[in-house]
file upload_10.cif (mmCIF, C-alpha atoms and all ligand atoms)
data_structure
loop_
_atom_site.label_atom_id
_atom_site.label_comp_id
_atom_site.auth_asym_id
_atom_site.auth_seq_id
_atom_site.Cartn_x
_atom_site.Cartn_y
_atom_site.Cartn_z
CA GLU A 1 -27.99 -4.89 -19.23
CA ASP A 2 -24.75 -6.69 -20.01
CA ASP A 3 -25.62 -10.00 -18.34
CA LYS A 4 -28.33 -10.59 -20.97
CA VAL A 5 -25.69 -10.76 -23.72
CA LEU A 6 -24.03 -13.95 -25.04
CA HIS A 7 -20.62 -13.28 -26.61
CA ILE A 8 -19.06 -15.31 -29.45
CA GLY A 9 -15.76 -14.95 -31.33
CA GLY A 10 -15.35 -14.80 -35.11
CA ILE A 11 -12.33 -15.26 -37.40
CA PHE A 12 -12.90 -14.19 -41.03
CA PRO A 13 -10.51 -14.46 -44.03
CA ILE A 14 -10.77 -10.96 -45.56
CA GLY A 15 -7.41 -9.49 -46.57
CA GLY A 16 -4.29 -11.23 -47.79
CA LYS A 17 -3.62 -13.15 -51.01
CA GLY A 18 -3.41 -16.88 -50.30
CA GLY A 19 -6.28 -19.35 -50.08
CA TRP A 20 -9.84 -18.10 -49.83
CA GLN A 21 -10.85 -14.52 -48.89
CA GLY A 22 -14.47 -15.58 -48.36
CA GLY A 23 -14.87 -13.45 -45.23
CA GLN A 24 -15.52 -10.54 -47.61
CA ALA A 25 -19.11 -11.76 -48.11
CA CYS A 26 -19.39 -14.10 -45.09
CA GLU A 27 -18.80 -11.44 -42.40
CA PRO A 28 -21.65 -9.26 -43.84
CA ALA A 29 -23.85 -12.40 -43.96
CA VAL A 30 -23.09 -13.05 -40.27
CA ARG A 31 -24.06 -9.45 -39.48
CA LEU A 32 -27.45 -10.03 -41.15
CA ALA A 33 -27.93 -13.24 -39.15
CA LEU A 34 -27.11 -11.53 -35.82
CA GLU A 35 -29.64 -8.80 -36.68
CA ASP A 36 -32.31 -11.44 -37.41
CA VAL A 37 -31.57 -13.70 -34.47
CA ASN A 38 -31.57 -10.76 -32.01
CA LYS A 39 -34.72 -9.26 -33.56
CA ASN A 40 -36.57 -12.62 -33.52
CA SER A 41 -35.59 -13.13 -29.83
CA VAL A 42 -34.55 -16.69 -30.68
CA LEU A 43 -32.51 -16.49 -27.48
CA SER A 44 -35.55 -15.60 -25.34
CA GLY A 45 -34.43 -12.21 -24.15
CA TYR A 46 -30.66 -12.65 -24.58
CA GLN A 47 -28.72 -10.84 -27.33
CA LEU A 48 -25.97 -12.57 -29.35
CA LYS A 49 -22.86 -10.38 -29.78
CA LEU A 50 -19.93 -11.12 -32.11
CA HIS A 51 -16.29 -10.06 -31.57
CA TRP A 52 -14.17 -10.74 -34.68
CA ASN A 53 -11.01 -10.05 -36.62
CA ASP A 54 -9.36 -10.85 -39.97
CA SER A 55 -7.24 -14.02 -40.42
CA GLU A 56 -6.36 -13.34 -44.10
CA CYS A 57 -6.81 -17.13 -44.41
CA ASP A 58 -3.40 -17.42 -42.73
CA PRO A 59 -3.32 -20.02 -39.91
CA GLY A 60 -0.68 -18.11 -37.92
CA LEU A 61 -2.64 -14.86 -38.02
CA GLY A 62 -5.80 -16.88 -37.31
CA ALA A 63 -4.18 -18.31 -34.18
CA SER A 64 -3.17 -14.85 -32.94
CA VAL A 65 -6.72 -13.55 -33.57
CA MET A 66 -8.03 -16.48 -31.52
CA TYR A 67 -5.66 -15.74 -28.61
CA ASP A 68 -6.69 -12.05 -28.67
CA LEU A 69 -10.35 -13.10 -28.52
CA LEU A 70 -9.73 -15.54 -25.67
CA TYR A 71 -7.40 -13.41 -23.57
CA ASN A 72 -9.54 -10.29 -23.74
CA LYS A 73 -12.86 -9.86 -21.99
CA PRO A 74 -15.70 -10.56 -22.43
CA GLN A 75 -15.56 -14.36 -22.28
CA LYS A 76 -16.65 -16.02 -25.54
CA LEU A 77 -18.99 -19.04 -25.65
CA MET A 78 -17.79 -20.43 -29.05
CA LEU A 79 -15.87 -19.46 -32.20
CA LEU A 80 -16.89 -19.02 -35.86
CA ALA A 81 -14.08 -19.52 -38.41
CA GLY A 82 -13.43 -19.84 -42.17
CA CYS A 83 -10.68 -21.32 -44.44
CA SER A 84 -9.56 -24.92 -43.98
CA THR A 85 -6.04 -23.99 -42.83
CA VAL A 86 -7.32 -21.55 -40.18
CA CYS A 87 -10.06 -23.95 -39.00
CA THR A 88 -7.48 -26.73 -38.66
CA THR A 89 -5.32 -24.58 -36.36
CA VAL A 90 -8.19 -22.99 -34.40
CA ALA A 91 -10.20 -26.21 -33.96
CA GLU A 92 -7.15 -28.21 -32.85
CA ALA A 93 -6.40 -25.59 -30.14
CA ALA A 94 -10.01 -24.67 -29.17
CA LYS A 95 -10.58 -27.92 -27.25
CA MET A 96 -8.09 -26.63 -24.65
CA TRP A 97 -10.59 -23.83 -23.89
CA ASN A 98 -13.62 -26.13 -24.17
CA LEU A 99 -14.88 -24.12 -27.13
CA VAL A 100 -17.07 -25.38 -29.97
CA VAL A 101 -15.77 -24.15 -33.35
CA LEU A 102 -18.28 -23.73 -36.18
CA CYS A 103 -16.65 -23.43 -39.62
CA TYR A 104 -18.68 -21.78 -42.39
CA GLY A 105 -15.91 -22.00 -45.04
CA ALA A 106 -13.78 -25.12 -44.70
CA SER A 107 -13.91 -27.95 -47.23
CA SER A 108 -10.87 -30.01 -46.24
CA PRO A 109 -11.71 -33.71 -45.62
CA ALA A 110 -9.01 -33.76 -42.90
CA LEU A 111 -11.37 -31.73 -40.67
CA SER A 112 -13.70 -34.74 -40.29
CA ASP A 113 -11.30 -36.28 -37.76
CA ARG A 114 -13.03 -36.26 -34.34
CA ASN A 115 -9.76 -37.27 -32.61
CA ARG A 116 -7.94 -34.14 -33.80
CA PHE A 117 -11.02 -31.84 -33.79
CA PRO A 118 -13.39 -33.05 -31.05
CA THR A 119 -15.45 -29.82 -30.93
CA LEU A 120 -15.56 -28.91 -34.64
CA PHE A 121 -18.77 -28.48 -36.64
CA ARG A 122 -19.10 -27.03 -40.12
CA THR A 123 -21.96 -25.68 -42.20
CA HIS A 124 -19.59 -25.95 -45.23
CA PRO A 125 -19.63 -29.48 -46.69
CA SER A 126 -16.43 -31.51 -46.89
CA ALA A 127 -14.89 -31.91 -50.37
CA THR A 128 -15.66 -35.63 -50.01
CA VAL A 129 -19.37 -34.80 -50.48
CA HIS A 130 -18.66 -34.99 -54.25
CA SER A 131 -17.45 -38.60 -54.10
CA PRO A 132 -20.75 -40.51 -53.69
CA THR A 133 -22.20 -38.31 -56.46
CA ARG A 134 -19.38 -39.15 -58.88
CA ILE A 135 -19.66 -42.86 -58.05
CA THR A 136 -23.42 -42.79 -58.62
CA LEU A 137 -22.90 -41.25 -62.07
CA MET A 138 -20.19 -43.80 -62.96
CA LYS A 139 -22.58 -46.62 -62.09
CA LYS A 140 -25.46 -44.96 -63.96
CA PHE A 141 -23.39 -44.75 -67.18
CA GLU A 142 -21.50 -48.02 -66.53
CA TRP A 143 -18.06 -46.47 -66.23
CA TYR A 144 -16.09 -49.05 -64.19
CA ARG A 145 -12.61 -48.10 -65.41
CA ILE A 146 -11.60 -44.55 -64.44
CA ALA A 147 -8.50 -42.36 -63.98
CA ILE A 148 -7.69 -39.55 -61.57
CA LEU A 149 -5.75 -36.35 -62.32
CA GLN A 150 -5.03 -34.17 -59.31
CA GLN A 151 -3.04 -31.16 -58.17
CA THR A 152 -0.80 -32.00 -55.18
CA GLU A 153 -2.74 -29.97 -52.56
CA GLU A 154 -3.81 -31.42 -49.18
CA VAL A 155 -7.52 -31.02 -49.87
CA PHE A 156 -7.26 -33.00 -53.14
CA ILE A 157 -4.95 -35.67 -51.72
CA SER A 158 -7.45 -36.56 -48.96
CA THR A 159 -10.34 -36.33 -51.46
CA VAL A 160 -8.63 -38.87 -53.75
CA GLU A 161 -8.18 -41.25 -50.81
CA ASP A 162 -11.93 -41.05 -50.24
CA ILE A 163 -12.67 -41.67 -53.96
CA GLU A 164 -10.32 -44.69 -53.98
CA THR A 165 -12.09 -46.23 -50.98
CA ARG A 166 -15.51 -45.76 -52.54
CA CYS A 167 -14.36 -47.06 -55.96
CA LYS A 168 -13.13 -50.27 -54.31
CA GLN A 169 -16.50 -50.64 -52.53
CA ASN A 170 -18.30 -50.25 -55.87
CA GLY A 171 -16.13 -52.41 -58.13
CA ILE A 172 -14.77 -49.42 -60.04
CA GLU A 173 -11.13 -49.77 -61.15
CA ILE A 174 -8.82 -46.75 -60.96
CA ILE A 175 -6.38 -47.50 -63.80
CA THR A 176 -4.06 -44.60 -62.96
CA ARG A 177 -3.73 -41.71 -60.53
CA GLN A 178 -1.68 -38.84 -61.99
CA SER A 179 -0.67 -35.76 -59.97
CA PHE A 180 1.14 -32.51 -60.74
CA VAL A 181 2.34 -29.51 -58.77
CA SER A 182 1.73 -26.78 -61.35
CA ASP A 183 2.44 -28.10 -64.90
CA PRO A 184 0.03 -30.91 -65.90
CA GLY A 185 1.75 -31.73 -69.23
CA ASP A 186 3.39 -35.03 -68.28
CA ALA A 187 0.42 -36.15 -66.18
CA VAL A 188 -1.97 -35.65 -69.12
CA LYS A 189 0.46 -37.55 -71.39
CA ASN A 190 0.39 -40.49 -68.96
CA LEU A 191 -3.42 -40.47 -69.02
CA ARG A 192 -3.32 -40.84 -72.81
CA ARG A 193 -0.70 -43.59 -72.57
CA GLN A 194 -2.98 -45.58 -70.24
CA ASP A 195 -5.95 -45.04 -72.58
CA ALA A 196 -7.88 -43.24 -69.81
CA ARG A 197 -11.38 -42.28 -70.97
CA ILE A 198 -13.27 -41.34 -67.77
CA ILE A 199 -11.18 -38.88 -65.76
CA VAL A 200 -11.86 -37.21 -62.40
CA GLY A 201 -9.96 -33.91 -62.23
CA LEU A 202 -9.17 -32.31 -58.84
CA PHE A 203 -7.42 -28.95 -58.93
CA TYR A 204 -7.95 -25.24 -58.26
CA VAL A 205 -9.28 -23.11 -61.10
CA VAL A 206 -5.89 -21.72 -62.28
CA ALA A 207 -4.54 -25.26 -62.67
CA ALA A 208 -7.84 -26.26 -64.33
CA ARG A 209 -7.15 -23.81 -67.17
CA LYS A 210 -3.71 -25.34 -67.69
CA VAL A 211 -5.22 -28.86 -67.73
CA LEU A 212 -7.86 -27.83 -70.26
CA CYS A 213 -5.23 -26.44 -72.66
CA GLU A 214 -3.13 -29.60 -72.27
CA MET A 215 -6.22 -31.69 -72.99
CA TYR A 216 -6.69 -29.69 -76.19
CA LYS A 217 -3.04 -29.96 -77.27
CA GLN A 218 -2.92 -33.71 -76.52
CA GLN A 219 -6.39 -34.37 -77.98
CA LEU A 220 -7.74 -35.82 -74.73
CA TYR A 221 -11.25 -34.40 -75.24
CA GLY A 222 -14.34 -34.93 -77.38
CA LYS A 223 -16.68 -37.87 -77.94
CA ALA A 224 -14.45 -40.58 -76.46
CA TYR A 225 -13.77 -38.85 -73.14
CA VAL A 226 -15.67 -37.79 -70.01
CA TRP A 227 -14.02 -35.33 -67.62
CA PHE A 228 -15.35 -34.66 -64.10
CA PHE A 229 -14.35 -31.19 -62.91
CA ILE A 230 -15.16 -29.39 -59.66
CA GLY A 231 -18.33 -27.30 -59.94
CA TRP A 232 -17.44 -24.27 -57.84
CA TYR A 233 -15.29 -22.46 -60.40
CA GLU A 234 -16.94 -19.33 -61.85
CA ASP A 235 -19.22 -20.15 -64.82
CA ASN A 236 -16.94 -18.84 -67.60
CA TRP A 237 -13.71 -20.00 -65.93
CA PHE A 238 -12.44 -21.69 -69.11
CA GLU A 239 -12.55 -18.47 -71.17
CA VAL A 240 -10.95 -15.92 -68.81
CA ASN A 241 -7.43 -14.95 -67.68
CA LEU A 242 -5.83 -16.87 -70.58
CA GLU A 243 -3.17 -14.26 -71.42
CA LYS A 244 -2.66 -13.27 -67.77
CA GLU A 245 -1.90 -16.90 -66.80
CA GLY A 246 0.16 -17.70 -69.92
CA ILE A 247 -2.36 -20.24 -71.28
CA GLU A 248 -1.25 -21.15 -74.81
CA CYS A 249 -4.73 -21.96 -76.09
CA THR A 250 -7.25 -19.57 -77.61
CA LYS A 251 -10.74 -19.05 -76.16
CA LYS A 252 -12.12 -21.14 -79.02
CA GLU A 253 -9.75 -24.04 -78.31
CA MET A 254 -10.56 -23.88 -74.57
CA ARG A 255 -14.28 -24.02 -75.40
CA ILE A 256 -13.75 -27.05 -77.65
CA ALA A 257 -11.80 -28.88 -74.90
CA ALA A 258 -14.35 -27.89 -72.22
CA GLU A 259 -17.45 -28.99 -74.21
CA GLY A 260 -19.29 -31.85 -72.54
CA HIS A 261 -17.42 -31.97 -69.20
CA ILE A 262 -19.40 -32.79 -66.11
CA THR A 263 -19.16 -31.00 -62.74
CA THR A 264 -20.29 -31.84 -59.21
CA GLU A 265 -20.66 -29.32 -56.40
CA ALA A 266 -22.28 -29.04 -52.98
CA LEU A 267 -25.44 -26.92 -52.93
CA MET A 268 -24.99 -23.78 -50.79
CA TRP A 269 -28.22 -21.95 -51.69
CA ASN A 270 -31.63 -23.53 -51.08
CA GLN A 271 -32.86 -24.44 -54.59
CA ASN A 272 -36.52 -23.98 -53.71
CA ILE A 273 -36.29 -20.20 -53.99
CA ASN A 274 -39.87 -19.59 -52.78
CA GLN A 275 -39.56 -21.77 -49.70
CA LYS A 276 -39.61 -19.78 -46.43
CA THR A 277 -36.72 -20.80 -44.16
CA ILE A 278 -36.36 -20.59 -40.36
CA SER A 279 -35.66 -16.84 -40.52
CA GLY A 280 -38.87 -16.28 -42.50
CA MET A 281 -36.80 -15.37 -45.59
CA THR A 282 -36.56 -17.33 -48.84
CA SER A 283 -33.09 -17.74 -50.34
CA GLU A 284 -34.03 -15.04 -52.89
CA ASP A 285 -35.00 -12.63 -50.06
CA PHE A 286 -31.60 -13.31 -48.52
CA ARG A 287 -29.80 -12.75 -51.85
CA LYS A 288 -31.42 -9.30 -52.21
CA ARG A 289 -30.59 -8.29 -48.60
CA LEU A 290 -27.01 -9.56 -48.91
CA GLU A 291 -26.44 -7.75 -52.22
CA ASN A 292 -27.70 -4.49 -50.67
CA VAL A 293 -25.28 -4.86 -47.77
CA LEU A 294 -22.42 -5.68 -50.18
CA ARG A 295 -23.25 -2.66 -52.38
CA SER A 296 -23.10 -0.39 -49.32
CA GLY A 297 -19.75 -2.05 -48.60
CA GLY A 298 -18.54 -0.86 -52.01
CA TYR A 299 -18.84 -4.02 -54.14
CA ALA A 300 -20.06 -3.52 -57.74
CA ILE A 301 -22.74 -6.22 -57.56
CA ASP A 302 -24.66 -4.89 -60.58
CA ARG A 303 -21.55 -5.37 -62.71
CA HIS A 304 -21.31 -8.94 -61.35
CA ARG A 305 -18.24 -7.93 -59.35
CA TYR A 306 -18.96 -10.09 -56.30
CA PRO A 307 -16.67 -10.34 -53.28
CA GLU A 308 -15.13 -13.70 -52.47
CA GLY A 309 -17.40 -15.86 -50.33
CA TYR A 310 -20.60 -14.72 -52.07
CA GLN A 311 -21.37 -18.35 -52.93
CA GLU A 312 -20.72 -19.46 -49.34
CA ALA A 313 -22.56 -16.55 -47.63
CA PRO A 314 -25.63 -18.71 -46.78
CA LEU A 315 -23.32 -21.09 -44.90
CA ALA A 316 -22.13 -18.22 -42.68
CA TYR A 317 -25.69 -16.91 -42.21
CA ASP A 318 -26.94 -20.37 -41.21
CA ALA A 319 -23.96 -20.92 -38.87
CA VAL A 320 -25.21 -18.06 -36.65
CA TRP A 321 -28.72 -19.56 -36.58
CA ALA A 322 -27.23 -22.94 -35.63
CA VAL A 323 -25.39 -21.27 -32.73
CA ALA A 324 -28.48 -19.36 -31.57
CA LEU A 325 -30.71 -22.45 -31.67
CA ALA A 326 -28.08 -24.51 -29.84
CA PHE A 327 -27.59 -21.84 -27.16
CA ASN A 328 -31.37 -21.57 -26.70
CA LYS A 329 -31.58 -25.36 -26.23
CA THR A 330 -28.63 -25.28 -23.79
CA MET A 331 -30.15 -22.43 -21.74
CA GLY A 332 -33.40 -24.39 -21.42
CA ILE A 333 -31.59 -27.47 -20.11
CA LEU A 334 -29.35 -25.50 -17.72
CA GLU A 335 -32.25 -23.47 -16.31
CA LYS A 336 -33.95 -26.74 -15.30
CA GLN A 337 -30.80 -27.47 -13.28
CA GLY A 338 -30.82 -23.98 -11.79
CA LYS A 339 -27.71 -23.09 -13.83
CA SER A 340 -26.99 -20.41 -16.43
CA ILE A 341 -25.03 -20.49 -19.71
CA THR A 342 -23.44 -17.20 -18.67
CA SER A 343 -21.54 -19.05 -15.94
CA PHE A 344 -19.55 -20.81 -18.70
CA ASN A 345 -15.81 -20.36 -18.43
CA TYR A 346 -12.98 -21.96 -20.43
CA ASN A 347 -12.50 -24.63 -17.76
CA ASN A 348 -16.18 -25.49 -17.50
CA LYS A 349 -16.38 -28.73 -19.49
CA GLU A 350 -19.89 -29.50 -18.22
CA ILE A 351 -21.50 -26.49 -19.94
CA ALA A 352 -19.23 -27.02 -22.99
CA ASP A 353 -20.60 -30.55 -23.31
CA HIS A 354 -24.18 -29.20 -23.20
CA ILE A 355 -23.34 -26.74 -26.00
CA TYR A 356 -21.66 -29.52 -28.00
CA SER A 357 -24.63 -31.91 -27.79
CA ALA A 358 -27.07 -29.07 -28.52
CA ILE A 359 -25.25 -28.20 -31.78
CA ASN A 360 -24.87 -31.89 -32.59
CA SER A 361 -28.64 -32.31 -32.60
CA THR A 362 -29.51 -28.96 -34.22
CA GLN A 363 -31.44 -29.30 -37.49
CA PHE A 364 -33.38 -26.62 -39.39
CA LEU A 365 -34.19 -25.31 -42.86
CA GLY A 366 -31.70 -22.55 -43.55
CA ILE A 367 -30.85 -20.32 -46.52
CA SER A 368 -28.31 -23.01 -47.54
CA GLY A 369 -31.01 -25.68 -47.40
CA TYR A 370 -31.56 -28.30 -44.70
CA VAL A 371 -28.88 -27.83 -42.02
CA ALA A 372 -27.78 -30.89 -40.04
CA PHE A 373 -24.44 -32.32 -38.90
CA SER A 374 -22.96 -35.83 -39.13
CA SER A 375 -21.32 -37.49 -36.11
CA GLN A 376 -17.99 -35.98 -37.25
CA GLY A 377 -19.57 -32.52 -37.30
CA ASP A 378 -19.70 -32.49 -41.12
CA ARG A 379 -22.45 -30.63 -42.97
CA ILE A 380 -24.97 -33.00 -44.57
CA ALA A 381 -25.59 -31.46 -48.02
CA LEU A 382 -27.13 -32.08 -51.42
CA THR A 383 -24.92 -32.00 -54.52
CA GLN A 384 -25.69 -30.62 -57.95
CA ILE A 385 -24.52 -32.13 -61.26
CA GLU A 386 -24.03 -29.95 -64.37
CA GLN A 387 -22.61 -30.42 -67.88
CA VAL A 388 -21.19 -27.88 -70.35
CA ILE A 389 -23.50 -28.04 -73.38
CA GLU A 390 -22.74 -25.58 -76.19
CA GLY A 391 -20.41 -23.65 -73.89
CA LYS A 392 -22.92 -23.17 -71.07
CA TYR A 393 -23.48 -25.11 -67.83
CA VAL A 394 -26.77 -27.05 -67.86
CA LYS A 395 -28.22 -28.62 -64.68
CA LEU A 396 -28.35 -32.40 -65.13
CA GLY A 397 -29.64 -33.31 -61.65
CA TYR A 398 -29.24 -33.42 -57.88
CA TYR A 399 -27.99 -36.13 -55.53
CA ASP A 400 -28.87 -36.74 -51.88
CA THR A 401 -26.14 -38.86 -50.25
CA GLN A 402 -28.23 -39.56 -47.15
CA SER A 403 -31.03 -41.25 -49.09
CA ASP A 404 -28.82 -42.27 -52.07
CA ASN A 405 -31.42 -40.58 -54.25
CA LEU A 406 -30.49 -39.18 -57.72
CA THR A 407 -32.93 -36.67 -59.23
CA TRP A 408 -32.15 -36.74 -62.98
CA PHE A 409 -33.48 -34.43 -65.72
CA ASP A 410 -32.27 -36.48 -68.74
CA LYS A 411 -30.63 -33.36 -70.20
CA GLU A 412 -27.15 -34.83 -70.73
CA LYS A 413 -25.66 -34.55 -74.26
CA TRP A 414 -22.83 -36.71 -75.62
CA ILE A 415 -20.70 -35.32 -78.46
CA GLY A 416 -20.76 -38.63 -80.31
CA GLY A 417 -24.49 -39.03 -79.76
CA LYS A 418 -24.03 -41.95 -77.34
CA VAL A 419 -22.62 -42.50 -73.85
CA PRO A 420 -18.78 -42.63 -74.07
CA GLN A 421 -17.26 -45.99 -73.11
CA ASP A 422 -14.78 -46.43 -70.26
CA ARG A 423 -12.33 -48.35 -72.49
CA THR A 424 -11.45 -49.08 -76.11
CA VAL A 425 -13.93 -51.65 -77.34
CA ILE A 426 -12.38 -54.06 -79.84
CA ARG A 427 -15.16 -55.13 -82.19
CA ARG A 428 -14.41 -58.67 -83.35
CA VAL A 429 -15.22 -58.98 -87.07
CA LEU A 430 -16.35 -62.61 -87.37
C1 LIG B 1 -16.09 -24.25 -52.33
C2 LIG B 1 -14.92 -23.55 -51.65
C3 LIG B 1 -14.29 -22.54 -52.57
C4 LIG B 1 -13.87 -24.59 -51.23
O1 LIG B 1 -12.89 -24.01 -50.37
C5 LIG B 1 -13.43 -23.39 -49.18
C6 LIG B 1 -12.30 -22.74 -48.44
C7 LIG B 1 -11.40 -23.74 -47.73
O2 LIG B 1 -11.73 -24.96 -47.67
O3 LIG B 1 -10.37 -23.30 -47.22
C8 LIG B 1 -14.46 -22.35 -49.55
N1 LIG B 1 -15.44 -22.89 -50.48
#

call {"tool": "encode", "arguments": {"input": "upload_10.cif", "output": "structure tokens", "more": "lines below"}}
Ligand SMILES: CC1(C)CO[C@@H](CC(=O)O)CN1
result
Amino acid sequence: EDDKVLHIGGIFPIGGKGGWQGGQACEPAVRLALEDVNKNSVLSGYQLKLHWNDSECDPGLGASVMYDLLYNKPQKLMLLAGCSTVCTTVAEAAKMWNLVVLCYGASSPALSDRNRFPTLFRTHPSATVHSPTRITLMKKFEWYRIAILQQTEEVFISTVEDIETRCKQNGIEIITRQSFVSDPGDAVKNLRRQDARIIVGLFYVVAARKVLCEMYKQQLYGKAYVWFFIGWYEDNWFEVNLEKEGIECTKKEMRIAAEGHITTEALMWNQNINQKTISGMTSEDFRKRLENVLRSGGYAIDRHRYPEGYQEAPLAYDAVWAVALAFNKTMGILEKQGKSITSFNYNNKEIADHIYSAINSTQFLGISGYVAFSSQGDRIALTQIEQVIEGKYVKLGYYDTQSDNLTWFDKEKWIGGKVPQDRTVIRRVL
């Protein structure tokens, strides 16, 4: 009967053009999670039911979807959302309805602000999760003089602020910070003028192709340079869409410029592919189930035509488990007080606080690896380091920020046969 059902709202970026349409794979992943949670009776007899709509990754449309969900019965106990812009809008408003918001696809560092977003949690790591990894590598290879090249987008601006803070704490000098809106030509020229050798690049993949071609044209690549790029571009990003995007370099030139660059990214799929997670599935089991659901949704998976959000799908799947485990914990506590979670309403801060503290302390092994939240609601995640060696990405190691532990495979290759230096070394001939 209906009173054994717990209702939640969902806002997925599916249609539209701007930003990230990751709801295409994340909504199917959430469907799988609801199936599993309801089958495994994680909620001791209650069923979890989702009511959702498409935000197109547009904050205005996301807000109207949220109002529809809140002003139409049944009452929702919390909201799932994706895209940083939509999560910013939804999470800032949700506190007025005493709703926890769980974001499965939001990387913006700005969302770690508990004053603006008091009820926000995210299974998607903040973009700042790369920073301690980059710093660890700089210290490992003794690079204490670095430069930053960034696209002027909010997510990269707040990421650079985080890098600057950590560089200061670690005695690493940032000799220059160059930014560009869409044409990186002048910014790359300024890097050369300042004799930058170790450069952290922060931009979306279309801008990354423009940077790479500029690097080639201005000879800012090869044995004397180390570039840090973001690791979540598609694997062959530096060889595709060249004509379409008016890139003036050939595939060969792009490969030459790309050789040797290092990437950092947050791990979104549990790397131990035979390890059973809380659902009983391994991450490989999940991959097979997800790909079947996507095929039946019309995606050409076998031709590697994945929908957007495929990479982040485990974050959406695990978000539902986090909600179910938190609700189960909350119901246990409320029952002891002779209360019920179904008596929650948007003005009931007491039950909202129980749900908040239950999520805050929820930890489990999910498809995306160990799931736990920081005091700002951020996902605690591992990062992976790779390097392009002979045109292909090779795993160099993993980094765990929590324990400051670097797992290194000693696979790195330097074009000049030795670790590039962070500055021109004048050899004094005596
Ligand atoms: C790794 C990426 C692509 C970063 O942006 C996220 C979307 C967003 O932050 O709006 C999705 N995942």

call {"tool": "residues_around", "arguments": {"input": "upload_10.cif", "residues": "Leu220 in chain A", "least_positions_apart": "6", "cutoff": "10 Å", "atoms": "all atoms listed in the file", "output": "VMD selection string"}}
result
chain A and resid 188 to 189 191 to 192 195 to 197 212 to 214 226 to 227 257

call {"tool": "atom_distance", "arguments": {"input": "upload_10.cif", "atom1": "CA of Ser126 in chain A", "atom2": "CA of Leu149 in chain A"}}
result
19.4 Å

call {"tool": "atom_distance", "arguments": {"input": "upload_10.cif", "atom1": "CA of Lys140 in chain A", "atom2": "CA of Phe229 in chain A"}}
result
17.7 Å

call {"tool": "residues_around", "arguments": {"input": "upload_10.cif", "residues": "range 380-386 of chain A", "least_positions_apart": "4", "cutoff": "7 Å", "atoms": "all atoms listed in the file", "output": "list in words"}}
result
Pro125, His130, Ile262, Thr263, Thr264, Glu265, Ala266, Leu267, Val371, Ala372, Phe373, Ser374, Tyr393, Val394, Lys395, Leu396, Gly397, Tyr398, Tyr399, Asp400 and Thr401 of chain A

call {"tool": "residues_around", "arguments": {"input": "upload_10.cif", "residues": "Ser107 in chain A", "least_positions_apart": "2", "cutoff": "10 Å", "atoms": "only C-alpha atoms", "output": "PDB file with C-alpha atoms, keeping the file's coordinate frame"}}
result
ATOM      1  CA  GLY A  82     -13.430 -19.840 -42.170  1.00  0.00           C
ATOM      2  CA  CYS A  83     -10.680 -21.320 -44.440  1.00  0.00           C
ATOM      3  CA  SER A  84      -9.560 -24.920 -43.980  1.00  0.00           C
ATOM      4  CA  THR A  85      -6.040 -23.990 -42.830  1.00  0.00           C
ATOM      5  CA  CYS A  87     -10.060 -23.950 -39.000  1.00  0.00           C
ATOM      6  CA  CYS A 103     -16.650 -23.430 -39.620  1.00  0.00           C
ATOM      7  CA  TYR A 104     -18.680 -21.780 -42.390  1.00  0.00           C
ATOM      8  CA  GLY A 105     -15.910 -22.000 -45.040  1.00  0.00           C
ATOM      9  CA  PRO A 109     -11.710 -33.710 -45.620  1.00  0.00           C
ATOM     10  CA  ALA A 110      -9.010 -33.760 -42.900  1.00  0.00           C
ATOM     11  CA  LEU A 111     -11.370 -31.730 -40.670  1.00  0.00           C
ATOM     12  CA  SER A 112     -13.700 -34.740 -40.290  1.00  0.00           C
ATOM     13  CA  ARG A 122     -19.100 -27.030 -40.120  1.00  0.00           C
ATOM     14  CA  THR A 123     -21.960 -25.680 -42.200  1.00  0.00           C
ATOM     15  CA  HIS A 124     -19.590 -25.950 -45.230  1.00  0.00           C
ATOM     16  CA  PRO A 125     -19.630 -29.480 -46.690  1.00  0.00           C
ATOM     17  CA  SER A 126     -16.430 -31.510 -46.890  1.00  0.00           C
ATOM     18  CA  ALA A 127     -14.890 -31.910 -50.370  1.00  0.00           C
ATOM     19  CA  THR A 128     -15.660 -35.630 -50.010  1.00  0.00           C
ATOM     20  CA  VAL A 129     -19.370 -34.800 -50.480  1.00  0.00           C
ATOM     21  CA  VAL A 155      -7.520 -31.020 -49.870  1.00  0.00           C
ATOM     22  CA  ASP A 378     -19.700 -32.490 -41.120  1.00  0.00           C
ATOM     23  CA  ARG A 379     -22.450 -30.630 -42.970  1.00  0.00           C
TER      24      ARG A 379
END

call {"tool": "closest_residue", "arguments": {"input": "upload_10.cif", "among": "A:Val293, A:Ala313, A:Val160, A:Ile256", "to": "ligand LIG 1 (chain B)", "atoms": "all atoms listed in the file"}}
result
A:Ala313

call {"tool": "closest_residue", "arguments": {"input": "upload_10.cif", "among": "A:Leu430, A:Ile198, A:Val388, A:Ala25", "to": "ligand LIG 1 (chain B)", "atoms": "all atoms listed in the file"}}
result
A:Ala25
